[in-house]
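Colleague: Just one file: entry11.txt, with compact mmCIF, C-alpha atoms and all ligand atoms.
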```txt
# COMPACT_ATOMS: atom_id res chain seq x y z
CA MET A 1 9.62 1.81 -13.67
CA VAL A 2 9.98 -0.70 -10.85
CA THR A 3 7.69 -0.22 -7.88
CA ALA A 4 8.00 -2.62 -4.93
CA ASN A 5 5.26 -5.22 -4.65
CA LYS A 6 2.96 -4.66 -1.66
CA LEU A 7 0.26 -6.72 0.04
CA ALA A 8 -2.76 -4.77 1.32
CA PRO A 9 -5.15 -7.08 3.24
CA SER A 10 -8.72 -5.77 3.21
CA ILE A 11 -10.30 -5.83 6.67
CA LEU A 12 -13.82 -5.81 5.19
CA ASN A 13 -14.22 -9.49 6.13
CA ALA A 14 -11.88 -9.50 9.12
CA ASP A 15 -13.18 -10.18 12.64
CA LEU A 16 -13.72 -6.49 13.42
CA ALA A 17 -14.58 -7.33 17.02
CA SER A 18 -10.90 -8.28 17.36
CA LEU A 19 -9.47 -5.58 15.10
CA LYS A 20 -6.29 -5.15 17.18
CA ASP A 21 -5.43 -8.89 16.95
CA GLN A 22 -6.34 -9.06 13.26
CA LEU A 23 -4.00 -6.16 12.49
CA ALA A 24 -1.24 -7.79 14.55
CA ALA A 25 -1.74 -10.99 12.55
CA ILE A 26 -1.33 -9.33 9.14
CA GLU A 27 1.72 -7.45 10.47
CA GLN A 28 3.17 -10.77 11.62
CA GLY A 29 2.61 -12.08 8.10
CA GLY A 30 4.53 -9.20 6.52
CA ALA A 31 1.60 -7.19 5.10
CA ASP A 32 2.59 -3.74 3.82
CA TRP A 33 -0.67 -1.76 4.00
CA VAL A 34 -4.12 -2.11 5.58
CA HIS A 35 -6.88 -1.75 2.96
CA LEU A 36 -10.06 -0.22 4.39
CA ASP A 37 -13.18 -0.70 2.24
CA VAL A 38 -15.52 2.20 3.00
CA MET A 39 -19.04 1.65 1.67
CA ASP A 40 -22.10 3.92 1.92
CA GLY A 41 -24.92 1.62 0.75
CA HIS A 42 -25.53 4.07 -2.11
CA PHE A 43 -22.56 4.02 -4.49
CA VAL A 44 -22.36 0.28 -3.71
CA PRO A 45 -25.17 -1.93 -2.32
CA ASN A 46 -23.31 -2.68 0.93
CA LEU A 47 -22.78 -0.48 3.99
CA SER A 48 -19.49 -0.97 5.88
CA PHE A 49 -17.78 1.69 8.00
CA GLY A 50 -16.58 5.31 8.03
CA PRO A 51 -13.70 7.36 9.47
CA ILE A 52 -14.37 5.93 12.95
CA LEU A 53 -12.89 2.60 11.92
CA VAL A 54 -9.86 4.30 10.37
CA GLU A 55 -9.40 6.03 13.74
CA ALA A 56 -9.59 2.66 15.53
CA ALA A 57 -7.12 1.02 13.15
CA ARG A 58 -4.74 3.99 13.47
CA LYS A 59 -4.43 3.30 17.21
CA HIS A 60 -3.27 -0.29 16.62
CA THR A 61 -0.95 -0.34 13.61
CA LYS A 62 1.92 1.56 12.04
CA LEU A 63 1.09 0.08 8.62
CA ALA A 64 -0.09 2.56 5.99
CA LEU A 65 -3.88 2.92 6.00
CA ASP A 66 -5.10 2.65 2.40
CA CYS A 67 -8.68 3.97 2.31
CA HIS A 68 -10.87 2.87 -0.61
CA LEU A 69 -13.92 5.13 -0.65
CA MET A 70 -16.79 3.35 -2.39
CA ILE A 71 -19.09 6.25 -1.59
CA SER A 72 -21.08 8.92 -3.45
CA ASN A 73 -20.05 12.57 -2.98
CA PRO A 74 -16.57 11.64 -1.72
CA GLU A 75 -15.61 15.33 -1.73
CA LYS A 76 -17.75 15.73 1.40
CA TYR A 77 -15.75 13.18 3.40
CA VAL A 78 -12.10 13.07 2.29
CA ALA A 79 -10.93 15.55 4.96
CA GLU A 80 -12.57 13.38 7.68
CA PHE A 81 -10.56 10.36 6.51
CA ALA A 82 -7.36 12.38 6.58
CA LYS A 83 -8.13 13.50 10.14
CA ALA A 84 -8.94 9.90 11.15
CA GLY A 85 -5.47 8.71 10.11
CA ALA A 86 -5.54 7.74 6.42
CA ASP A 87 -2.19 7.61 4.58
CA SER A 88 -3.79 7.20 1.17
CA ILE A 89 -7.30 8.07 -0.07
CA THR A 90 -8.73 6.45 -3.18
CA VAL A 91 -11.96 7.78 -4.70
CA HIS A 92 -14.02 6.25 -7.50
CA GLN A 93 -13.90 7.87 -10.93
CA GLU A 94 -17.61 7.04 -11.24
CA ALA A 95 -18.55 8.73 -7.93
CA THR A 96 -17.83 12.33 -8.89
CA VAL A 97 -18.41 14.65 -11.83
CA HIS A 98 -15.40 16.82 -10.91
CA LEU A 99 -12.56 14.31 -10.69
CA ASP A 100 -9.79 16.82 -11.51
CA SER A 101 -10.72 19.10 -8.61
CA LEU A 102 -11.35 16.20 -6.23
CA VAL A 103 -7.89 14.76 -6.94
CA ARG A 104 -6.36 18.17 -6.17
CA VAL A 105 -8.39 18.46 -2.95
CA VAL A 106 -7.09 15.07 -1.75
CA LYS A 107 -3.51 15.94 -2.77
CA ALA A 108 -3.70 19.11 -0.68
CA LEU A 109 -4.64 17.15 2.46
CA LYS A 110 -2.06 16.17 5.08
CA THR A 111 -1.83 12.89 6.95
CA ARG A 112 -2.14 12.96 10.73
CA ASP A 113 1.63 13.19 11.08
CA GLY A 114 1.92 16.01 8.55
CA ARG A 115 2.98 14.15 5.40
CA ASP A 116 1.38 14.74 1.98
CA MET A 117 -1.72 12.58 1.49
CA ARG A 118 -1.37 9.99 -1.25
CA VAL A 119 -4.18 10.12 -3.80
CA GLY A 120 -5.67 7.25 -5.79
CA VAL A 121 -8.53 6.77 -8.21
CA SER A 122 -10.42 3.48 -8.50
CA LEU A 123 -12.12 2.18 -11.64
CA ASN A 124 -15.06 -0.22 -11.64
CA PRO A 125 -14.49 -3.19 -13.95
CA ALA A 126 -16.32 -1.73 -16.97
CA THR A 127 -14.73 1.74 -16.69
CA PRO A 128 -11.85 2.13 -19.20
CA ILE A 129 -8.43 3.26 -17.98
CA GLU A 130 -8.53 5.94 -20.69
CA SER A 131 -10.98 7.85 -18.46
CA LEU A 132 -7.97 8.71 -16.27
CA GLU A 133 -5.94 10.08 -19.19
CA HIS A 134 -5.89 13.69 -18.03
CA VAL A 135 -5.46 13.18 -14.28
CA LEU A 136 -2.94 10.32 -14.40
CA PRO A 137 0.10 12.61 -13.92
CA GLU A 138 -1.43 13.78 -10.60
CA LEU A 139 -2.06 10.29 -9.19
CA ASP A 140 0.04 8.22 -6.80
CA LEU A 141 -2.14 5.17 -7.31
CA VAL A 142 -4.78 3.62 -9.56
CA LEU A 143 -7.00 0.90 -8.08
CA ILE A 144 -8.36 -1.47 -10.73
CA MET A 145 -11.41 -3.35 -9.42
CA SER A 146 -11.38 -7.04 -10.34
CA VAL A 147 -14.90 -7.50 -8.93
CA ASN A 148 -17.96 -5.27 -9.00
CA PRO A 149 -17.51 -3.39 -5.73
CA GLY A 150 -19.62 -4.01 -2.66
CA PHE A 151 -18.73 -7.38 -1.25
CA GLY A 152 -15.73 -9.54 -0.46
CA GLY A 153 -15.51 -13.15 -1.61
CA GLN A 154 -16.61 -12.56 -5.21
CA LYS A 155 -15.23 -14.19 -8.39
CA PHE A 156 -12.22 -12.55 -10.06
CA ILE A 157 -12.97 -10.77 -13.37
CA PRO A 158 -10.13 -11.73 -15.77
CA TYR A 159 -10.35 -8.73 -18.11
CA ALA A 160 -9.10 -6.58 -15.20
CA LEU A 161 -5.66 -8.00 -16.09
CA ASP A 162 -5.81 -6.44 -19.57
CA LYS A 163 -6.54 -3.07 -17.97
CA ALA A 164 -3.51 -3.47 -15.67
CA ARG A 165 -1.20 -4.37 -18.55
CA LYS A 166 -2.36 -1.32 -20.54
CA LEU A 167 -2.03 1.01 -17.55
CA ARG A 168 1.46 -0.26 -16.61
CA ALA A 169 2.62 0.26 -20.21
CA LYS A 170 1.21 3.81 -20.13
CA ALA A 171 2.83 4.62 -16.76
CA ASP A 172 6.17 3.22 -17.96
CA ALA A 173 5.93 5.27 -21.17
CA MET A 174 5.41 8.36 -18.96
CA GLY A 175 8.34 7.34 -16.75
CA LYS A 176 5.89 7.37 -13.81
CA ALA A 177 6.39 5.10 -10.77
CA LEU A 178 2.63 4.55 -10.39
CA ASP A 179 1.23 2.17 -7.77
CA ILE A 180 -1.24 -0.07 -9.62
CA GLU A 181 -3.47 -1.81 -7.10
CA MET A 182 -6.00 -4.58 -7.81
CA ASP A 183 -8.90 -5.48 -5.56
CA GLY A 184 -11.30 -8.38 -5.49
CA GLY A 185 -11.15 -12.14 -5.83
CA ILE A 186 -7.38 -12.36 -5.35
CA GLY A 187 -5.58 -15.00 -3.29
CA PRO A 188 -2.60 -17.38 -3.43
CA LYS A 189 -4.08 -19.07 -6.52
CA ASN A 190 -3.89 -15.99 -8.78
CA ALA A 191 -1.49 -13.56 -7.04
CA ALA A 192 1.45 -14.34 -9.35
CA GLU A 193 -0.71 -13.81 -12.47
CA VAL A 194 -1.92 -10.45 -11.12
CA ILE A 195 1.66 -9.30 -10.50
CA ALA A 196 2.73 -10.51 -13.95
CA ALA A 197 0.07 -8.20 -15.45
CA GLY A 198 1.84 -5.15 -14.01
CA VAL A 199 -0.01 -4.79 -10.70
CA ASN A 200 2.28 -4.02 -7.74
CA VAL A 201 -0.25 -3.71 -4.89
CA ILE A 202 -2.62 -6.61 -4.21
CA VAL A 203 -5.75 -6.26 -2.07
CA SER A 204 -6.92 -9.53 -0.61
CA GLY A 205 -9.66 -10.00 1.97
CA THR A 206 -11.46 -13.34 2.15
CA ALA A 207 -8.44 -15.37 1.03
CA ILE A 208 -6.50 -14.01 4.03
CA PHE A 209 -9.05 -13.47 6.80
CA GLY A 210 -11.03 -16.59 5.88
CA SER A 211 -7.96 -18.81 5.67
CA GLY A 212 -7.64 -19.88 9.30
CA ASP A 213 -3.97 -18.85 9.16
CA ILE A 214 -3.70 -15.09 8.62
CA PRO A 215 0.08 -14.69 9.04
CA GLY A 216 0.82 -17.83 7.02
CA THR A 217 -1.42 -16.79 4.14
CA CYS A 218 0.10 -13.29 4.09
CA ARG A 219 3.57 -14.82 3.99
CA LYS A 220 2.53 -17.16 1.18
CA MET A 221 1.01 -14.26 -0.81
CA LYS A 222 4.18 -12.17 -0.31
CA GLU A 223 6.31 -15.06 -1.55
CA LEU A 224 4.09 -15.56 -4.63
CA MET A 225 4.18 -11.80 -5.33
CA GLY A 226 7.98 -11.72 -5.43
C1 LIG B 1 -15.19 -5.02 -3.00
C2 LIG B 1 -14.14 -4.97 -1.92
C3 LIG B 1 -13.47 -6.33 -1.91
C4 LIG B 1 -12.50 -6.53 -0.80
C5 LIG B 1 -11.67 -7.78 -0.95
O1 LIG B 1 -15.94 -3.88 -2.97
O2 LIG B 1 -13.22 -3.93 -2.22
O3 LIG B 1 -12.83 -6.48 -3.14
O4 LIG B 1 -11.63 -5.46 -0.82
O5 LIG B 1 -12.42 -8.75 -1.49
P1 LIG B 1 -11.96 -10.28 -1.51
O6 LIG B 1 -12.57 -10.89 -0.29
O7 LIG B 1 -12.50 -10.79 -2.80
O8 LIG B 1 -10.45 -10.33 -1.46
ZN ZN B 2 -11.25 -2.20 -1.76
```
Go ahead and render the structure in this file as structure tokens.

Modeller:
Amino acid sequence: MVTANKLAPSILNADLASLKDQLAAIEQGGADWVHLDVMDGHFVPNLSFGPILVEAARKHTKLALDCHLMISNPEKYVAEFAKAGADSITVHQEATVHLDSLVRVVKALKTRDGRDMRVGVSLNPATPIESLEHVLPELDLVLIMSVNPGFGGQKFIPYALDKARKLRAKADAMGKALDIEMDGGIGPKNAAEVIAAGVNVIVSGTAIFGSGDIPGTCRKMKELMG
């Protein structure tokens, strides 16, 4: 199944004091989504931001807000992210013992403008894709981590590509137009390889916001992604 390739810059390492300008810059560069890395300092060692930043971003962009919840007990917070303006909520398979019910809770949420919430599940590098076997039909998106979550600017983990290839083959065999997103250590140097592995949504943070030319780097990434 062909799913359009999308670029989702992560604002984790953006200049958050100039959020409005940073969002305008990725829009100028043709970005498709805004990736918001929510961290609680418990599920991952870093602490970032909560629904309040989703609310702030919602005011300044029409791009889809793709919320990646790297938090424990996500069931307690998903409704807050929907209220704050999320278009898609991704929870970690490792962060809950009741993934089936959590996926259904997220699917039942509405976006701020009344559309169905898109639901994703993220897998840490060492977590096999087979762990999603029974919930895959319910998912809009699977986020394959290509770094151990917590910080931007880390080194890409190559075996994440094998997971993407396997997952794309599975989704195709099911006739499912699944968004397969990859997150961590991705930039112009490896974007084409990530797409070739069956990924269709690329998260990139440091390579974009640390480049000195946000729109230009987004454009370059989009070109390389085809
Ligand atoms: C890790 C975060 C990062 C961030 C992007 O928990 O999820 O992967 O999105 O990281 P870089 O800067 O490597 O693109
Ligand atoms: Zn992320």

Colleague: Just give me the gap between atom CA of A:Ser211 and atom CA of A:Met39 in Å, one decimal is fine.

Modeller: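 Between these atoms lies a distance of 23.6 Å.
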
Colleague: So that I can check the surroundings of stretch 111-115 of chain A, please list as an NGL selection string every protein, DNA and RNA residue that reaches within 12 Å of it, counting all atoms listed in the file and ignoring chain neighbours fewer than 4 positions away.

Modeller: :A and (54-55 or 58-59 or 62 or 64-66 or 78-89 or 106-107 or 119)

Colleague: Output C-alpha atoms for every residue in the selection just made, as a PDB file, keeping the file's coordinate frame.

Modeller:
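Generated output (again_28.pdb):
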```
ATOM      1  CA  VAL A  54      -9.860   4.300  10.370  1.00  0.00           C
ATOM      2  CA  GLU A  55      -9.400   6.030  13.740  1.00  0.00           C
ATOM      3  CA  ARG A  58      -4.740   3.990  13.470  1.00  0.00           C
ATOM      4  CA  LYS A  59      -4.430   3.300  17.210  1.00  0.00           C
ATOM      5  CA  LYS A  62       1.920   1.560  12.040  1.00  0.00           C
ATOM      6  CA  ALA A  64      -0.090   2.560   5.990  1.00  0.00           C
ATOM      7  CA  LEU A  65      -3.880   2.920   6.000  1.00  0.00           C
ATOM      8  CA  ASP A  66      -5.100   2.650   2.400  1.00  0.00           C
ATOM      9  CA  VAL A  78     -12.100  13.070   2.290  1.00  0.00           C
ATOM     10  CA  ALA A  79     -10.930  15.550   4.960  1.00  0.00           C
ATOM     11  CA  GLU A  80     -12.570  13.380   7.680  1.00  0.00           C
ATOM     12  CA  PHE A  81     -10.560  10.360   6.510  1.00  0.00           C
ATOM     13  CA  ALA A  82      -7.360  12.380   6.580  1.00  0.00           C
ATOM     14  CA  LYS A  83      -8.130  13.500  10.140  1.00  0.00           C
ATOM     15  CA  ALA A  84      -8.940   9.900  11.150  1.00  0.00           C
ATOM     16  CA  GLY A  85      -5.470   8.710  10.110  1.00  0.00           C
ATOM     17  CA  ALA A  86      -5.540   7.740   6.420  1.00  0.00           C
ATOM     18  CA  ASP A  87      -2.190   7.610   4.580  1.00  0.00           C
ATOM     19  CA  SER A  88      -3.790   7.200   1.170  1.00  0.00           C
ATOM     20  CA  ILE A  89      -7.300   8.070  -0.070  1.00  0.00           C
ATOM     21  CA  VAL A 106      -7.090  15.070  -1.750  1.00  0.00           C
ATOM     22  CA  LYS A 107      -3.510  15.940  -2.770  1.00  0.00           C
ATOM     23  CA  VAL A 119      -4.180  10.120  -3.800  1.00  0.00           C
TER      24      VAL A 119
END
```

Colleague: Rounded to one decimal in Å, what is the spacing between atom CA of A:Val44 and atom CA of A:Asn73?

Modeller: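 Going from atom CA of A:Val44 over to atom CA of A:Asn73, I get 12.5 Å.
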
Colleague: Residues within 8 Å of A:Lys6, please, as an mmCIF file with C-alpha atoms, in the coordinates of the input. Count only C-alpha atoms; anything in the same chain fewer than 2 positions from it doesn't count.

Modeller:
```
data_model
loop_
_atom_site.group_PDB
_atom_site.id
_atom_site.type_symbol
_atom_site.label_atom_id
_atom_site.label_comp_id
_atom_site.auth_asym_id
_atom_site.auth_seq_id
_atom_site.Cartn_x
_atom_site.Cartn_y
_atom_site.Cartn_z
ATOM 1 C CA ALA A 4 8.000 -2.620 -4.930
ATOM 2 C CA ALA A 8 -2.760 -4.770 1.320
ATOM 3 C CA ALA A 31 1.600 -7.190 5.100
ATOM 4 C CA ASP A 32 2.590 -3.740 3.820
ATOM 5 C CA TRP A 33 -0.670 -1.760 4.000
ATOM 6 C CA ASN A 200 2.280 -4.020 -7.740
ATOM 7 C CA VAL A 201 -0.250 -3.710 -4.890
ATOM 8 C CA ILE A 202 -2.620 -6.610 -4.210
ATOM 9 C CA LYS A 222 4.180 -12.170 -0.310
#
```

Colleague: Please provide as number ranges by chain all residues within 7 Å of A:Thr206, with the sequence filter that same-chain residues fewer than 2 positions apart are discarded (counting only C-alpha atoms).

Modeller: A: 13, 152-153, 204, 208-210

Colleague: Where's the centre, and what are the edge lengths in Å to one decimal, of a box along x, y and z enclosing all listed atoms of stretch 50-68 of chain A padded 3 Å per side, as JSON?

Modeller:
```
{"center_x": -7.3, "center_y": 3.5, "center_z": 8.3, "size_x": 24.5, "size_y": 13.7, "size_z": 23.8}
```
